[in-house]
file final_6.csv (CSV, C-alpha atoms)
chain,number,residue,atom,x,y,z
A,279,MET,CA,0.0,0.0,0.0
A,280,ALA,CA,1.4,3.4,-1.0
A,281,PHE,CA,2.2,5.8,1.8
A,282,GLN,CA,-0.5,8.5,2.1
A,283,VAL,CA,0.0,11.9,3.6
A,284,PRO,CA,-2.3,12.2,6.7
A,285,ILE,CA,-5.3,14.5,6.1
A,286,ALA,CA,-4.4,16.6,9.1
A,287,THR,CA,-1.1,17.4,7.4
A,288,SER,CA,-2.4,18.4,4.0
A,289,ARG,CA,-5.7,20.2,4.8
A,290,SER,CA,-5.9,23.9,5.6
A,291,SER,CA,-9.4,24.7,6.8
A,292,THR,CA,-8.3,28.0,8.5
A,293,GLY,CA,-6.3,29.3,5.5
A,294,ILE,CA,-3.1,28.6,7.5
A,295,PRO,CA,-1.2,25.4,6.6
A,296,THR,CA,-1.6,22.9,9.4
A,297,SER,CA,2.0,22.7,10.3
A,298,ARG,CA,2.3,26.4,10.7
A,299,LEU,CA,-0.9,26.6,12.7
A,300,ALA,CA,0.4,24.0,15.0
A,301,VAL,CA,3.6,26.0,15.6
A,302,TRP,CA,1.5,29.1,16.4
A,303,TRP,CA,-0.3,27.0,19.1
A,304,VAL,CA,3.0,25.8,20.4
A,305,LEU,CA,4.2,29.3,20.6
A,306,ALA,CA,1.0,30.4,22.4
A,307,SER,CA,1.8,27.9,25.2
A,308,GLU,CA,5.5,29.0,25.2
A,309,ILE,CA,4.3,32.7,25.7
A,310,VAL,CA,2.5,31.6,28.8
A,311,ILE,CA,5.6,29.7,30.1
A,312,PHE,CA,8.3,32.3,29.3
A,313,GLY,CA,5.9,35.2,29.8
A,314,GLY,CA,4.9,34.0,33.3
A,315,LEU,CA,8.6,33.7,34.2
A,316,ILE,CA,9.4,37.1,32.9
A,317,MET,CA,6.4,38.7,34.5
A,318,SER,CA,7.3,37.2,37.9
A,319,TYR,CA,10.9,38.4,37.5
A,320,LEU,CA,9.6,41.9,36.7
A,321,MET,CA,7.4,42.0,39.8
A,322,PHE,CA,10.3,41.0,42.1
A,323,ARG,CA,12.9,43.1,40.2
A,324,LEU,CA,10.8,46.3,40.4
A,325,HIS,CA,10.2,45.8,44.1
A,326,HIS,CA,13.7,44.7,45.3
A,327,GLU,CA,16.5,47.3,44.7
A,328,SER,CA,19.1,44.8,45.8
A,329,TRP,CA,18.6,42.7,42.7
A,330,SER,CA,20.3,45.5,40.7
A,331,TYR,CA,23.6,44.8,42.7
A,332,GLU,CA,23.3,41.1,41.7
A,333,ALA,CA,22.4,41.9,38.1
A,334,ALA,CA,25.7,43.9,37.9
A,335,LYS,CA,27.5,40.5,38.3
A,336,THR,CA,26.2,39.2,34.9
A,337,ASP,CA,28.4,39.8,31.8
A,338,PRO,CA,26.6,42.1,29.3
A,339,TRP,CA,29.3,41.5,26.7
A,340,ALA,CA,28.7,37.8,26.7
A,341,GLY,CA,24.9,38.4,26.7
A,342,GLY,CA,25.3,40.9,23.9
A,343,PHE,CA,27.5,38.5,21.8
A,344,ASN,CA,24.9,35.8,22.3
A,345,THR,CA,22.2,38.3,21.1
A,346,PHE,CA,24.3,38.9,18.0
A,347,VAL,CA,24.7,35.1,17.5
A,348,LEU,CA,20.9,34.5,17.8
A,349,LEU,CA,20.0,37.4,15.5
A,350,THR,CA,22.4,36.1,12.9
A,351,SER,CA,21.1,32.5,13.2
A,352,SER,CA,17.6,33.9,12.8
A,353,LEU,CA,18.8,35.4,9.5
A,354,PHE,CA,20.2,32.1,8.4
A,355,VAL,CA,17.0,30.2,9.1
A,356,VAL,CA,14.8,32.7,7.3
A,357,LEU,CA,17.3,32.4,4.3
A,358,ALA,CA,16.9,28.6,4.6
A,359,HIS,CA,13.1,29.1,4.4
A,360,HIS,CA,13.6,31.4,1.4
A,361,ALA,CA,15.8,28.8,-0.4
A,362,ALA,CA,13.3,26.0,0.4
A,363,GLU,CA,10.5,28.1,-1.1
A,364,ASN,CA,12.6,28.4,-4.3
A,365,ASN,CA,13.2,24.6,-4.2
A,366,ASP,CA,16.9,25.2,-3.7
A,367,THR,CA,17.4,22.3,-1.3
A,368,LYS,CA,21.2,22.5,-1.2
A,369,LYS,CA,21.2,26.1,-0.1
A,370,SER,CA,18.4,25.5,2.4
A,371,PHE,CA,20.3,22.5,3.8
A,372,ARG,CA,23.4,24.7,4.2
A,373,TYR,CA,21.6,27.5,5.9
A,374,ILE,CA,19.9,25.2,8.3
A,375,TRP,CA,23.3,23.9,9.4
A,376,TYR,CA,24.6,27.4,9.7
A,377,THR,CA,21.7,28.0,12.1
A,378,ILE,CA,22.5,24.9,14.1
A,379,GLY,CA,26.1,26.2,14.2
A,380,GLY,CA,24.8,29.5,15.6
A,381,GLY,CA,22.9,27.6,18.3
A,382,GLY,CA,26.1,25.7,19.1
A,383,VAL,CA,28.0,28.9,19.6
A,384,PHE,CA,25.2,30.3,21.8
A,385,MET,CA,25.4,27.2,24.0
A,386,MET,CA,29.2,27.3,24.3
A,387,VAL,CA,29.0,30.9,25.5
A,388,LYS,CA,26.3,29.9,28.0
A,389,ILE,CA,28.5,27.1,29.3
A,390,TYR,CA,31.4,29.6,29.7
A,391,GLU,CA,29.1,32.0,31.5
A,392,TYR,CA,27.6,29.3,33.8
A,393,SER,CA,31.0,27.9,34.7
A,394,SER,CA,32.5,31.4,35.5
A,395,LYS,CA,29.5,32.3,37.6
A,396,ILE,CA,29.5,29.0,39.5
A,397,MET,CA,33.3,29.3,40.1
A,398,HIS,CA,32.6,32.7,41.8
A,399,ASP,CA,30.0,31.1,44.0
A,400,TYR,CA,27.0,32.6,42.1
A,401,THR,CA,25.0,29.4,42.0
A,402,MET,CA,21.3,28.8,41.5
A,403,PHE,CA,20.8,28.6,45.3
A,404,LYS,CA,22.6,31.8,46.2
A,405,SER,CA,19.6,34.1,46.0
A,406,VAL,CA,16.2,34.5,44.3
A,407,PHE,CA,17.9,36.6,41.5
A,408,TRP,CA,20.3,33.8,40.6
A,409,SER,CA,17.4,31.3,40.8
A,410,PHE,CA,15.6,33.4,38.2
A,411,TYR,CA,18.8,33.8,36.1
A,412,TYR,CA,19.5,30.1,35.9
A,413,THR,CA,15.9,29.1,35.5
A,414,ALA,CA,15.2,31.6,32.7
A,415,THR,CA,18.4,31.1,30.8
A,416,GLY,CA,18.4,27.4,31.4
A,417,LEU,CA,14.9,27.0,30.1
A,418,HIS,CA,15.8,29.2,27.1
A,419,GLY,CA,19.0,27.1,26.5
A,420,PHE,CA,16.9,23.9,26.6
A,421,HIS,CA,14.7,25.4,23.8
A,422,VAL,CA,17.8,26.3,21.8
A,423,LEU,CA,19.0,22.7,22.2
A,424,CYS,CA,15.6,21.3,21.1
A,425,GLY,CA,15.5,23.6,18.1
A,426,MET,CA,19.0,22.4,17.1
A,427,VAL,CA,18.0,18.7,17.3
A,428,ILE,CA,14.7,19.3,15.3
A,429,MET,CA,16.6,21.3,12.7
A,430,ALA,CA,19.2,18.5,12.3
A,431,ILE,CA,16.3,16.0,11.7
A,432,ILE,CA,14.6,18.4,9.2
A,433,ALA,CA,17.9,19.0,7.4
A,434,GLN,CA,18.1,15.3,6.5
A,435,ASP,CA,14.6,15.6,4.8
A,436,VAL,CA,15.6,18.8,3.1
A,437,LYS,CA,18.7,17.1,1.6
A,438,LYS,CA,16.3,14.6,0.0
A,439,GLY,CA,14.0,17.3,-1.2
A,440,LYS,CA,11.2,16.1,1.2
A,441,ASN,CA,8.9,18.0,3.6
A,442,LEU,CA,10.3,21.4,2.7
A,443,HIS,CA,7.3,23.2,4.5
A,444,ARG,CA,8.9,22.1,7.8
A,445,VAL,CA,11.7,24.6,7.2
A,446,GLU,CA,9.2,27.4,7.7
A,447,ALA,CA,7.7,25.7,10.8
A,448,ILE,CA,11.1,25.3,12.6
A,449,GLY,CA,12.1,28.8,11.5
A,450,ILE,CA,9.1,30.3,13.2
A,451,TYR,CA,10.0,28.4,16.4
A,452,TRP,CA,13.6,29.5,16.1
A,453,HIS,CA,12.7,33.2,15.7
A,454,PHE,CA,10.5,32.9,18.8
A,455,VAL,CA,13.4,31.6,20.8
A,456,ASP,CA,15.3,34.6,19.5
A,457,VAL,CA,12.5,37.0,20.6
A,458,ILE,CA,12.6,35.5,24.1
A,459,TRP,CA,16.3,36.1,24.3
A,460,ILE,CA,15.8,39.7,23.1
A,461,PHE,CA,13.8,40.3,26.3
A,462,LEU,CA,16.0,38.2,28.6
A,463,PHE,CA,19.1,40.1,27.6
A,464,PRO,CA,18.1,43.6,28.9
A,465,LEU,CA,16.3,42.1,31.9
A,466,LEU,CA,19.2,40.0,33.2
A,467,TYR,CA,22.3,41.7,31.7
A,468,ILE,CA,21.6,45.3,31.0
A,469,ALA,CA,19.3,46.7,33.8
A,470,LYS,CA,21.6,47.3,36.8
B,142,MET,CA,-7.7,40.0,-1.4
B,143,SER,CA,-7.4,37.8,-4.4
B,144,GLU,CA,-5.2,34.8,-4.3
B,145,ALA,CA,-2.9,36.2,-6.9
B,146,ALA,CA,-2.5,39.5,-5.0
B,147,GLU,CA,-1.9,37.5,-1.8
B,148,HIS,CA,0.8,35.4,-3.6
B,149,GLN,CA,2.4,38.6,-4.9
B,150,GLU,CA,2.5,40.2,-1.4
B,151,HIS,CA,3.9,36.9,0.0
B,152,HIS,CA,6.6,36.9,-2.6
B,153,GLU,CA,7.6,40.6,-2.0
B,154,ALA,CA,7.8,40.0,1.7
B,155,HIS,CA,10.3,37.2,1.0
B,156,GLY,CA,13.6,38.5,-0.4
B,157,ALA,CA,17.1,37.5,0.6
B,158,GLY,CA,18.3,41.1,0.3
B,159,ARG,CA,15.4,42.4,2.4
B,160,TYR,CA,16.2,39.9,5.2
B,161,VAL,CA,19.9,41.0,5.2
B,162,LYS,CA,18.8,44.7,5.5
B,163,ILE,CA,16.5,43.8,8.4
B,164,TRP,CA,19.3,41.9,10.1
B,165,ILE,CA,21.7,44.9,9.7
B,166,ILE,CA,19.0,47.2,11.3
B,167,LEU,CA,18.7,44.6,14.2
B,168,LEU,CA,22.4,44.7,14.8
B,169,VAL,CA,22.5,48.5,14.9
B,170,LEU,CA,19.7,48.4,17.4
B,171,LEU,CA,21.6,45.8,19.4
B,172,GLY,CA,24.6,48.1,19.5
B,173,VAL,CA,22.5,51.0,20.8
B,174,SER,CA,20.9,48.8,23.4
B,175,VAL,CA,24.3,47.8,24.7
B,176,ILE,CA,26.0,51.2,24.6
B,177,GLY,CA,23.0,53.3,25.8
B,178,PRO,CA,22.8,51.9,29.3
B,179,LEU,CA,26.6,52.6,29.8
B,180,ALA,CA,25.7,56.2,30.4
B,181,GLU,CA,23.9,55.0,33.6
B,182,ILE,CA,20.9,57.4,33.1
B,183,LYS,CA,17.8,55.6,34.2
B,184,TRP,CA,15.4,57.0,31.5
B,185,LEU,CA,18.0,56.4,28.8
B,186,THR,CA,18.5,52.8,29.9
B,187,LEU,CA,14.7,52.3,29.8
B,188,ILE,CA,14.5,53.6,26.3
B,189,THR,CA,17.7,52.0,24.8
B,190,ALA,CA,17.4,48.6,26.6
B,191,PHE,CA,13.7,47.9,26.9
B,192,GLY,CA,12.2,50.2,24.2
B,193,ILE,CA,14.7,48.9,21.7
B,194,ALA,CA,14.0,45.3,22.8
B,195,LEU,CA,10.4,45.9,21.9
B,196,VAL,CA,11.3,47.3,18.5
B,197,LYS,CA,13.7,44.4,17.8
B,198,ALA,CA,11.1,41.8,18.9
B,199,GLY,CA,8.5,43.5,16.7
B,200,MET,CA,10.8,43.4,13.7
B,201,VAL,CA,11.7,39.7,14.2
B,202,CYS,CA,8.0,38.9,14.6
B,203,ALA,CA,6.9,41.0,11.6
B,204,TYR,CA,9.6,40.3,9.0
B,205,PHE,CA,11.3,37.0,10.0
B,206,MET,CA,8.2,35.2,11.4
B,207,HIS,CA,6.1,36.9,8.7
B,208,LEU,CA,3.4,37.9,11.1
B,209,ASN,CA,2.9,41.1,9.0
B,210,ILE,CA,1.4,38.9,6.2
B,211,GLU,CA,0.0,36.1,8.4
B,212,LYS,CA,-3.7,35.4,8.7
B,213,LYS,CA,-5.5,37.2,11.6
B,214,LEU,CA,-6.1,33.9,13.3
B,215,ALA,CA,-2.5,33.6,14.3
B,216,TRP,CA,-2.6,37.1,15.8
B,217,TYR,CA,-5.7,36.1,17.8
B,218,ILE,CA,-4.0,33.0,19.2
B,219,LEU,CA,-0.9,34.9,20.3
B,220,PHE,CA,-2.8,38.0,21.7
B,221,ALA,CA,-5.1,35.8,23.7
B,222,THR,CA,-2.1,34.4,25.6
B,223,LEU,CA,-0.7,37.8,26.0
B,224,LEU,CA,-4.0,38.9,27.5
B,225,LEU,CA,-3.9,35.9,29.9
B,226,LEU,CA,-0.4,37.1,31.0
B,227,LEU,CA,-1.8,40.6,31.7
B,228,VAL,CA,-4.5,39.1,33.9
B,229,PHE,CA,-1.9,37.1,35.7
B,230,PHE,CA,0.3,40.1,36.3
B,231,THR,CA,-2.5,42.4,37.5
B,232,GLY,CA,-3.9,39.7,39.7
B,233,ILE,CA,-0.6,39.0,41.5
B,234,ALA,CA,1.4,42.2,41.3
B,235,PRO,CA,-0.4,44.0,44.1
B,236,ASP,CA,0.5,41.1,46.5
B,237,VAL,CA,4.1,41.0,45.4
B,238,MET,CA,4.8,44.7,44.9
B,239,LYS,CA,2.8,46.2,47.8
B,240,PRO,CA,3.5,44.0,50.8
B,241,GLU,CA,3.1,46.8,53.4
B,242,GLY,CA,0.1,45.5,55.1
B,243,GLN,CA,-1.2,46.6,58.6
B,244,ASN,CA,-2.1,43.2,60.0
B,245,TRP,CA,1.1,41.4,59.5
B,246,GLU,CA,4.8,41.9,59.8
B,247,SER,CA,7.2,41.5,56.9
B,248,LEU,CA,10.3,39.7,58.0
B,249,TYR,CA,12.2,40.4,54.8
B,250,VAL,CA,15.1,42.9,55.0
B,251,GLU,CA,16.4,44.2,51.7
B,252,PRO,CA,20.1,43.1,51.5
B,253,THR,CA,22.5,46.0,51.1
B,254,GLN,CA,25.2,46.2,48.4
B,255,THR,CA,27.8,45.2,51.0
B,256,ASP,CA,25.7,42.1,51.8
B,257,VAL,CA,25.7,41.2,48.1
B,258,GLU,CA,29.3,41.9,47.6
B,259,GLY,CA,30.3,40.0,50.7
B,260,HIS,CA,28.3,36.9,49.7
B,261,GLY,CA,27.1,37.0,53.3
B,262,TYR,CA,23.3,36.8,53.1
B,263,GLY,CA,22.8,33.1,52.1
B,264,ASP,CA,19.6,32.6,50.3
B,265,GLY,CA,18.8,36.3,49.8
B,266,HIS,CA,16.2,36.4,52.5
B,267,ALA,CA,17.8,38.1,55.4
B,268,GLU,CA,15.6,38.2,58.5
B,269,LYS,CA,15.3,40.7,61.3
B,270,ALA,CA,16.7,39.6,64.6
B,271,HIS,CA,14.0,39.1,67.2
call {"tool": "encode", "arguments": {"input": "final_6.csv", "output": "C-alpha cells"}}
result
Amino acid sequence: MAFQVPIATSRSSTGIPTSRLAVWWVLASEIVIFGGLIMSYLMFRLHHESWSYEAAKTDPWAGGFNTFVLLTSSLFVVLAHHAAENNDTKKSFRYIWYTIGGGGVFMMVKIYEYSSKIMHDYTMFKSVFWSFYYTATGLHGFHVLCGMVIMAIIAQDVKKGKNLHRVEAIGIYWHFVDVIWIFLFPLLYIAK
Amino acid sequence: MSEAAEHQEHHEAHGAGRYVKIWIILLVLLGVSVIGPLAEIKWLTLITAFGIALVKAGMVCAYFMHLNIEKKLAWYILFATLLLLLVFFTGIAPDVMKPEGQNWESLYVEPTQTDVEGHGYGDGHAEKAH
C-alpha cells in the first residue's frame, strides 16, 4: 500500500497550513511559560532594589554577543526558508546547518558564563535573583538545544527534497526563541 | 484580497536582500541597546534597553516570522495568551509589589550592596533579629 500523507497534514481549513498553525499554538503555550517567568521576574525586580547589585554581576558583553549570534542564526533560518520556497534544497540545507552552528556557539557561550559564575559562587541557590537567572536562561537554552536537534532532523529531509514546508515551521519556532532572548538580555544583563 | 495578490504580497515579503537589511538594522539596534545603558541614566536605559528590545522583537516577529502577512487567526491566538499574562500580572502584582500590610509583619530585609558583595546573606532572605 502506498504511503499517504495524513489528512491533518495536508488540509488547511483555516487558511493557514496545518504545520504552521500547530507552531502558532505551540508558541502560544510558550508565551505563557516564558511570559509567566518574565512577569514574575519583573514583579520582584521592580520591588527589590538589591537585585540590581546582583544583576551587575552578569556579563553584558557575553549576553550581547549571544544576542548577535541568535539574531544572525535567525537570518540564516529565514534564508533557509527562502531557499526552500525556491526549491533550492542544497542552499536550504546549508543555511539550516549554519543556524545549528549558531545555536552551538550560543550554547558554548552559556557554558562559559555558567562555569565562570559558579566558580565565583553565584549558584542557583545563592539568591532569588540567581534562581531566576539560571531558570530563565536554562529553560531558554533547553529550547535552543531542542531547536538544534529538530533542525538537524529536518535538514536530512531537506537534503532529499522532502517536507520542505517544515523549514518554515522550525524557522518560526527559532525566531520565537530569538525573541525570548531579546527580552531576557536587557532584563538580566543590562538593567543594573 | 485575491489569491494572486496574496501570492504577490507573500513573494515581495520574502527576499534574501530584504532579510539581510533587516538583520543589519537589528544589529544596529543591538549596538544601541548595549551602549545606551553605559551612560547609567535611568530613563536612557529604559529607552535604549527595553524600548529597543520591543522594537527588535517586533521586527523579528513581523519580518522574520512573517506575522505582517500572516492570517489574523495567528494574531488572535498569540494575543489571547498575552492577555492571559496581563490578567496574571495584574492579579498577582499588588500582592508581590505592595506588601506593606497593617495586620502582618514583613520579616524580609532588603540586602545592602555590601551584603551582596560580601556573599554573606545566604539565600537572599535576610531576616530581622528578634
call {"tool": "interface_residues", "arguments": {"input": "final_6.csv", "of": "chain B", "to": "chain A", "cutoff": "8 Å", "atoms": "all atoms listed in the file", "output": "VMD selection string"}}
result
chain B and resid 155 to 157 160 to 161 164 167 to 168 171 175 178 186 190 to 191 194 to 195 197 to 198 201 to 202 205 to 206 212 214 to 215 218 to 219 222 to 223 225 to 226 229 to 230 234 237 to 238 251 to 254 257 263 to 266
call {"tool": "atom_distance", "arguments": {"input": "final_6.csv", "atom1": "atom CA of Lys440 of chain A", "atom2": "atom CA of Cys424 of chain A"}}
result
21.0 Å
call {"tool": "closest_residue", "arguments": {"input": "final_6.csv", "among": "B:Gly199, B:Ser174, B:Leu208, B:Leu224", "to": "Leu187 of chain B", "atoms": "only C-alpha atoms"}}
result
B:Ser174
call {"tool": "axis_aligned_box", "arguments": {"input": "final_6.csv", "around": "segment 213-223 of chain B", "padding_each_side": "3 Å", "output": "AutoDock Vina command-line options"}}
result
--center_x -3.4 --center_y 35.5 --center_z 18.8 --size_x 11.4 --size_y 11.0 --size_z 20.4
call {"tool": "atom_distance", "arguments": {"input": "final_6.csv", "atom1": "atom CA of Thr413 of chain A", "atom2": "atom CA of Lys388 of chain A"}}
result
12.8 Å
call {"tool": "closest_residue", "arguments": {"input": "final_6.csv", "among": "A:Ile431, A:Leu348, A:Ala340, A:Val436", "to": "Arg372 of chain A", "atoms": "all atoms listed in the file"}}
result
A:Val436
call {"tool": "atom_distance", "arguments": {"input": "final_6.csv", "atom1": "atom CA of Leu423 of chain A", "atom2": "atom CA of Gly380 of chain A"}}
result
11.1 Å
